[in-house]
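Working notes, beginning with the structure itself.
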Amino acid sequence: MPETVFVLNGPNLNLLGTREPEIYGSATLDDIAGMLEDRARELGLEIDLRQSNHEGHLVDWLHEAQAVGAKAVLLNAGAFTHTSVALHDAILAIRTPVIEVHLSNPHTREAFRHKSFVGMAAKATIAGFGPLSYLLALEGARRL
Ligand code: DQA
């Protein structure tokens, strides 16, 4: 059975491709899923990619990642990154390693993006490489 890597995406990431393309680029979430699946196949891994605009779904999916024995979680929590104590606590509550992912580099943007409740609990953070951030995070996850 190939090991599974969960790729969890938070609010507004369903609009990738048309959402502020000057910041987030033109790739859609489906494009990113395809890219990750191609690489995962080469690595003998499976990808379970999900997106929700609801914080509680992300919390539930973090719990599920541990329950099903996922190898790792790549988490782009979108704006919840900067607000969610619930996601912070959920990451600390599970043993599954969580890698924080961002397309943009929040530290070069508005001050309200400089604090990450996700990053304070995650094993690692990859940001600023556009869609490649997800691929780099997958490479990291594979070596865990
Ligand atoms: C983001 C950065 C966040 O600050 C923002 O709220 C997003 C996307 C990124 O991938 O660059 O929704 O997580």
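Convention: chains lettered A, B, ... in structure tokens order; per-chain residue numbering from 1; ligands numbered from 1 as shown.
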
Closest atom pairs, chain A residues within 10 Å of ligand 1, only C-alpha atoms and all ligand atoms, as JSON lines:
```
{"residue": "A:Asn9", "atom": "CA", "partner": "ligand 1", "partner_atom_place_in_ligand_line": "13 (O)", "distance": 8.5}
{"residue": "A:Gly10", "atom": "CA", "partner": "ligand 1", "partner_atom_place_in_ligand_line": "12 (O)", "distance": 7.2}
{"residue": "A:Pro11", "atom": "CA", "partner": "ligand 1", "partner_atom_place_in_ligand_line": "12 (O)", "distance": 6.3}
{"residue": "A:Asn12", "atom": "CA", "partner": "ligand 1", "partner_atom_place_in_ligand_line": "12 (O)", "distance": 6.0}
{"residue": "A:Leu13", "atom": "CA", "partner": "ligand 1", "partner_atom_place_in_ligand_line": "12 (O)", "distance": 6.4}
{"residue": "A:Asn14", "atom": "CA", "partner": "ligand 1", "partner_atom_place_in_ligand_line": "12 (O)", "distance": 10.0}
{"residue": "A:Leu15", "atom": "CA", "partner": "ligand 1", "partner_atom_place_in_ligand_line": "12 (O)", "distance": 9.9}
{"residue": "A:Leu16", "atom": "CA", "partner": "ligand 1", "partner_atom_place_in_ligand_line": "8 (C)", "distance": 9.4}
{"residue": "A:Arg19", "atom": "CA", "partner": "ligand 1", "partner_atom_place_in_ligand_line": "12 (O)", "distance": 9.6}
{"residue": "A:Ile23", "atom": "CA", "partner": "ligand 1", "partner_atom_place_in_ligand_line": "11 (O)", "distance": 7.8}
{"residue": "A:Tyr24", "atom": "CA", "partner": "ligand 1", "partner_atom_place_in_ligand_line": "11 (O)", "distance": 6.6}
{"residue": "A:Leu75", "atom": "CA", "partner": "ligand 1", "partner_atom_place_in_ligand_line": "13 (O)", "distance": 9.0}
{"residue": "A:Asn76", "atom": "CA", "partner": "ligand 1", "partner_atom_place_in_ligand_line": "13 (O)", "distance": 5.4}
{"residue": "A:Ala77", "atom": "CA", "partner": "ligand 1", "partner_atom_place_in_ligand_line": "13 (O)", "distance": 5.8}
{"residue": "A:Gly78", "atom": "CA", "partner": "ligand 1", "partner_atom_place_in_ligand_line": "12 (O)", "distance": 3.3}
{"residue": "A:Ala79", "atom": "CA", "partner": "ligand 1", "partner_atom_place_in_ligand_line": "6 (O)", "distance": 3.3}
{"residue": "A:Phe80", "atom": "CA", "partner": "ligand 1", "partner_atom_place_in_ligand_line": "6 (O)", "distance": 7.0}
{"residue": "A:Thr81", "atom": "CA", "partner": "ligand 1", "partner_atom_place_in_ligand_line": "3 (C)", "distance": 6.8}
{"residue": "A:His82", "atom": "CA", "partner": "ligand 1", "partner_atom_place_in_ligand_line": "4 (O)", "distance": 7.1}
{"residue": "A:Thr83", "atom": "CA", "partner": "ligand 1", "partner_atom_place_in_ligand_line": "6 (O)", "distance": 9.8}
{"residue": "A:Glu100", "atom": "CA", "partner": "ligand 1", "partner_atom_place_in_ligand_line": "13 (O)", "distance": 9.0}
{"residue": "A:Val101", "atom": "CA", "partner": "ligand 1", "partner_atom_place_in_ligand_line": "10 (O)", "distance": 6.6}
{"residue": "A:His102", "atom": "CA", "partner": "ligand 1", "partner_atom_place_in_ligand_line": "10 (O)", "distance": 3.4}
{"residue": "A:Leu103", "atom": "CA", "partner": "ligand 1", "partner_atom_place_in_ligand_line": "10 (O)", "distance": 3.8}
{"residue": "A:Ser104", "atom": "CA", "partner": "ligand 1", "partner_atom_place_in_ligand_line": "11 (O)", "distance": 3.6}
{"residue": "A:Asn105", "atom": "CA", "partner": "ligand 1", "partner_atom_place_in_ligand_line": "11 (O)", "distance": 6.1}
{"residue": "A:Pro106", "atom": "CA", "partner": "ligand 1", "partner_atom_place_in_ligand_line": "4 (O)", "distance": 5.4}
{"residue": "A:His107", "atom": "CA", "partner": "ligand 1", "partner_atom_place_in_ligand_line": "4 (O)", "distance": 8.9}
{"residue": "A:Arg109", "atom": "CA", "partner": "ligand 1", "partner_atom_place_in_ligand_line": "4 (O)", "distance": 8.1}
{"residue": "A:Glu110", "atom": "CA", "partner": "ligand 1", "partner_atom_place_in_ligand_line": "4 (O)", "distance": 8.6}
{"residue": "A:Phe112", "atom": "CA", "partner": "ligand 1", "partner_atom_place_in_ligand_line": "4 (O)", "distance": 8.3}
{"residue": "A:Arg113", "atom": "CA", "partner": "ligand 1", "partner_atom_place_in_ligand_line": "4 (O)", "distance": 5.3}
{"residue": "A:His114", "atom": "CA", "partner": "ligand 1", "partner_atom_place_in_ligand_line": "4 (O)", "distance": 8.3}
{"residue": "A:Lys115", "atom": "CA", "partner": "ligand 1", "partner_atom_place_in_ligand_line": "4 (O)", "distance": 9.5}
{"residue": "A:Ser116", "atom": "CA", "partner": "ligand 1", "partner_atom_place_in_ligand_line": "4 (O)", "distance": 8.9}
{"residue": "A:Ile126", "atom": "CA", "partner": "ligand 1", "partner_atom_place_in_ligand_line": "10 (O)", "distance": 9.8}
{"residue": "A:Ala127", "atom": "CA", "partner": "ligand 1", "partner_atom_place_in_ligand_line": "11 (O)", "distance": 7.0}
{"residue": "A:Gly128", "atom": "CA", "partner": "ligand 1", "partner_atom_place_in_ligand_line": "11 (O)", "distance": 7.0}
{"residue": "A:Phe129", "atom": "CA", "partner": "ligand 1", "partner_atom_place_in_ligand_line": "11 (O)", "distance": 9.1}
{"residue": "A:Gly130", "atom": "CA", "partner": "ligand 1", "partner_atom_place_in_ligand_line": "11 (O)", "distance": 7.6}
{"residue": "A:Pro131", "atom": "CA", "partner": "ligand 1", "partner_atom_place_in_ligand_line": "10 (O)", "distance": 8.8}
{"residue": "A:Ser133", "atom": "CA", "partner": "ligand 1", "partner_atom_place_in_ligand_line": "10 (O)", "distance": 8.8}
{"residue": "A:Tyr134", "atom": "CA", "partner": "ligand 1", "partner_atom_place_in_ligand_line": "10 (O)", "distance": 9.6}
```

_List as a count of residues only the protein and nucleic acid residues near A:Thr18, meaning an atom at most 10 Å away when only C-alpha atoms are counted, but skip any in the same chain fewer than 5 places from it._
5

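In terms of minimum interatomic distance to A:Val59, A:Asp89 ranks closest within A:Glu139, A:Glu22, A:Asp89, A:Glu3, counting only C-alpha atoms.
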
_Residue among A:Leu43, A:Leu74, A:Leu87, A:Ala111 lying closest to A:Thr125, counting only C-alpha atoms_ =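 That would be A:Leu74, the residue with the smallest distance to A:Thr125.
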
*List the neighbours of A:Arg95 out to 12 Å using only C-alpha atoms; skip same-chain residues closer than 5 positions along the sequence, and give me the result as a ChimeraX atom specification.*
/A:62-73,89-90,121-123

_Could you go through stretch 34-77 of chain A and tell me which residues DSSP, when run on the backbone, assigns to helix (DSSP H, G or I), listing them as a list in words?_
Gly34, Met35, Leu36, Glu37, Asp38, Arg39, Ala40, Arg41, Glu42, Leu43, Glu55, Gly56, His57, Leu58, Val59, Asp60, Trp61, Leu62, His63, Glu64, Ala65, Gln66 and Ala67 of chain A

_I need the residues in stretch 41-91 of chain A that are strand (DSSP E or B) according to DSSP; give them as number ranges by chain._
A: 45-51, 72-76

Those same residues, written as an mmCIF file, in the first residue's frame with all heavy atoms?
```cif
data_model
loop_
_atom_site.group_PDB
_atom_site.id
_atom_site.type_symbol
_atom_site.label_atom_id
_atom_site.label_comp_id
_atom_site.auth_asym_id
_atom_site.auth_seq_id
_atom_site.Cartn_x
_atom_site.Cartn_y
_atom_site.Cartn_z
ATOM 1 N N LEU A 45 4.266 7.407 -3.792
ATOM 2 C CA LEU A 45 3.360 7.962 -2.777
ATOM 3 C C LEU A 45 1.990 8.227 -3.395
ATOM 4 O O LEU A 45 1.845 8.281 -4.619
ATOM 5 C CB LEU A 45 3.921 9.286 -2.235
ATOM 6 C CG LEU A 45 5.228 9.219 -1.455
ATOM 7 C CD1 LEU A 45 5.775 10.623 -1.222
ATOM 8 C CD2 LEU A 45 5.025 8.500 -0.126
ATOM 9 N N GLU A 46 1.008 8.426 -2.534
ATOM 10 C CA GLU A 46 -0.320 8.808 -3.000
ATOM 11 C C GLU A 46 -0.672 10.178 -2.427
ATOM 12 O O GLU A 46 -0.292 10.491 -1.295
ATOM 13 C CB GLU A 46 -1.346 7.790 -2.525
ATOM 14 C CG GLU A 46 -2.241 7.310 -3.646
ATOM 15 C CD GLU A 46 -2.942 6.018 -3.292
ATOM 16 O OE1 GLU A 46 -3.653 6.006 -2.277
ATOM 17 O OE2 GLU A 46 -2.752 5.033 -4.035
ATOM 18 N N ILE A 47 -1.387 10.975 -3.232
ATOM 19 C CA ILE A 47 -1.800 12.312 -2.803
ATOM 20 C C ILE A 47 -3.302 12.306 -2.530
ATOM 21 O O ILE A 47 -4.075 11.787 -3.326
ATOM 22 C CB ILE A 47 -1.511 13.342 -3.934
ATOM 23 C CG1 ILE A 47 -0.012 13.444 -4.218
ATOM 24 C CG2 ILE A 47 -2.104 14.703 -3.607
ATOM 25 C CD1 ILE A 47 0.808 14.013 -3.103
ATOM 26 N N ASP A 48 -3.686 12.893 -1.403
ATOM 27 C CA ASP A 48 -5.110 13.122 -1.124
ATOM 28 C C ASP A 48 -5.275 14.630 -0.943
ATOM 29 O O ASP A 48 -4.981 15.168 0.125
ATOM 30 C CB ASP A 48 -5.510 12.346 0.138
ATOM 31 C CG ASP A 48 -7.016 12.392 0.384
ATOM 32 O OD1 ASP A 48 -7.669 13.339 -0.106
ATOM 33 O OD2 ASP A 48 -7.520 11.493 1.078
ATOM 34 N N LEU A 49 -5.660 15.310 -2.016
ATOM 35 C CA LEU A 49 -5.728 16.778 -2.008
ATOM 36 C C LEU A 49 -7.164 17.243 -1.784
ATOM 37 O O LEU A 49 -8.080 16.780 -2.449
ATOM 38 C CB LEU A 49 -5.178 17.338 -3.322
ATOM 39 C CG LEU A 49 -5.081 18.875 -3.394
ATOM 40 C CD1 LEU A 49 -3.822 19.311 -4.141
ATOM 41 C CD2 LEU A 49 -6.319 19.481 -4.051
ATOM 42 N N ARG A 50 -7.333 18.144 -0.847
ATOM 43 C CA ARG A 50 -8.666 18.658 -0.513
ATOM 44 C C ARG A 50 -8.601 20.174 -0.325
ATOM 45 O O ARG A 50 -7.551 20.719 -0.001
ATOM 46 C CB ARG A 50 -9.170 18.034 0.787
ATOM 47 C CG ARG A 50 -9.118 16.523 0.772
ATOM 48 C CD ARG A 50 -9.558 15.955 2.097
ATOM 49 N NE ARG A 50 -9.326 14.526 2.153
ATOM 50 C CZ ARG A 50 -9.703 13.750 3.159
ATOM 51 N NH1 ARG A 50 -10.329 14.282 4.207
ATOM 52 N NH2 ARG A 50 -9.464 12.451 3.138
ATOM 53 N N GLN A 51 -9.769 20.807 -0.493
ATOM 54 C CA GLN A 51 -9.853 22.258 -0.267
ATOM 55 C C GLN A 51 -11.159 22.554 0.451
ATOM 56 O O GLN A 51 -12.193 21.962 0.129
ATOM 57 C CB GLN A 51 -9.814 23.006 -1.611
ATOM 58 C CG GLN A 51 -9.720 24.526 -1.505
ATOM 59 C CD GLN A 51 -11.073 25.198 -1.291
ATOM 60 O OE1 GLN A 51 -12.107 24.683 -1.708
ATOM 61 N NE2 GLN A 51 -11.067 26.351 -0.645
ATOM 62 N N ALA A 72 2.315 12.357 5.944
ATOM 63 C CA ALA A 72 2.516 13.777 6.267
ATOM 64 C C ALA A 72 1.326 14.563 5.750
ATOM 65 O O ALA A 72 0.531 14.058 4.948
ATOM 66 C CB ALA A 72 3.799 14.293 5.617
ATOM 67 N N VAL A 73 1.242 15.807 6.207
ATOM 68 C CA VAL A 73 0.235 16.739 5.687
ATOM 69 C C VAL A 73 0.966 17.962 5.152
ATOM 70 O O VAL A 73 1.814 18.538 5.854
ATOM 71 C CB VAL A 73 -0.745 17.204 6.787
ATOM 72 C CG1 VAL A 73 -1.728 18.229 6.226
ATOM 73 C CG2 VAL A 73 -1.490 16.023 7.400
ATOM 74 N N LEU A 74 0.654 18.347 3.911
ATOM 75 C CA LEU A 74 1.066 19.659 3.404
ATOM 76 C C LEU A 74 -0.138 20.562 3.605
ATOM 77 O O LEU A 74 -1.232 20.242 3.137
ATOM 78 C CB LEU A 74 1.426 19.602 1.914
ATOM 79 C CG LEU A 74 2.327 18.448 1.434
ATOM 80 C CD1 LEU A 74 2.720 18.656 -0.028
ATOM 81 C CD2 LEU A 74 3.538 18.267 2.315
ATOM 82 N N LEU A 75 0.042 21.651 4.328
ATOM 83 C CA LEU A 75 -1.097 22.496 4.698
ATOM 84 C C LEU A 75 -0.889 23.928 4.234
ATOM 85 O O LEU A 75 0.008 24.622 4.725
ATOM 86 C CB LEU A 75 -1.278 22.469 6.227
ATOM 87 C CG LEU A 75 -2.341 23.410 6.807
ATOM 88 C CD1 LEU A 75 -3.742 23.099 6.263
ATOM 89 C CD2 LEU A 75 -2.348 23.341 8.337
ATOM 90 N N ASN A 76 -1.710 24.345 3.261
ATOM 91 C CA ASN A 76 -1.817 25.764 2.936
ATOM 92 C C ASN A 76 -3.152 26.222 3.496
ATOM 93 O O ASN A 76 -4.202 26.012 2.875
ATOM 94 C CB ASN A 76 -1.740 26.008 1.424
ATOM 95 C CG ASN A 76 -1.741 27.506 1.105
ATOM 96 O OD1 ASN A 76 -1.980 28.336 1.987
ATOM 97 N ND2 ASN A 76 -1.467 27.851 -0.145
#
```

Would you list the contacts of A:Glu42 as a PDB file with N, CA and C atoms, in the first residue's frame, taking every protein, DNA or RNA residue within 12 Å and counting only C-alpha atoms, but skipping same-chain residues closer than 4 positions in sequence?
```
ATOM      1  N   PRO A   2       0.772   2.122  -1.010  1.00  0.00           N
ATOM      2  CA  PRO A   2       1.569   3.357  -0.990  1.00  0.00           C
ATOM      3  C   PRO A   2       1.148   4.252   0.175  1.00  0.00           C
ATOM      4  N   MET A  35       0.282  18.109 -10.880  1.00  0.00           N
ATOM      5  CA  MET A  35       1.740  18.156 -10.718  1.00  0.00           C
ATOM      6  C   MET A  35       2.182  17.288  -9.529  1.00  0.00           C
ATOM      7  N   LEU A  36       1.436  17.403  -8.426  1.00  0.00           N
ATOM      8  CA  LEU A  36       1.787  16.623  -7.232  1.00  0.00           C
ATOM      9  C   LEU A  36       1.567  15.130  -7.479  1.00  0.00           C
ATOM     10  N   GLU A  37       0.478  14.808  -8.180  1.00  0.00           N
ATOM     11  CA  GLU A  37       0.189  13.387  -8.431  1.00  0.00           C
ATOM     12  C   GLU A  37       1.265  12.760  -9.316  1.00  0.00           C
ATOM     13  N   ASP A  38       1.721  13.514 -10.322  1.00  0.00           N
ATOM     14  CA  ASP A  38       2.784  12.994 -11.209  1.00  0.00           C
ATOM     15  C   ASP A  38       4.040  12.684 -10.404  1.00  0.00           C
ATOM     16  N   GLU A  46       1.008   8.426  -2.534  1.00  0.00           N
ATOM     17  CA  GLU A  46      -0.320   8.808  -3.000  1.00  0.00           C
ATOM     18  C   GLU A  46      -0.672  10.178  -2.427  1.00  0.00           C
ATOM     19  N   ILE A  47      -1.387  10.975  -3.232  1.00  0.00           N
ATOM     20  CA  ILE A  47      -1.800  12.312  -2.803  1.00  0.00           C
ATOM     21  C   ILE A  47      -3.302  12.306  -2.530  1.00  0.00           C
ATOM     22  N   LEU A 138       6.533  18.381  -0.861  1.00  0.00           N
ATOM     23  CA  LEU A 138       6.378  16.929  -1.065  1.00  0.00           C
ATOM     24  C   LEU A 138       7.735  16.233  -0.987  1.00  0.00           C
ATOM     25  N   GLU A 139       8.752  16.870  -1.579  1.00  0.00           N
ATOM     26  CA  GLU A 139      10.106  16.298  -1.499  1.00  0.00           C
ATOM     27  C   GLU A 139      10.547  16.193  -0.045  1.00  0.00           C
ATOM     28  N   ARG A 142       8.613  13.389   1.802  1.00  0.00           N
ATOM     29  CA  ARG A 142       9.058  12.060   1.401  1.00  0.00           C
ATOM     30  C   ARG A 142      10.270  11.608   2.237  1.00  0.00           C
TER      31      ARG A 142
END
```

*Enter the distance from atom CA of A:Trp61 to atom CA of A:Val85, in Å, rounded to one decimal.*
15.7 Å
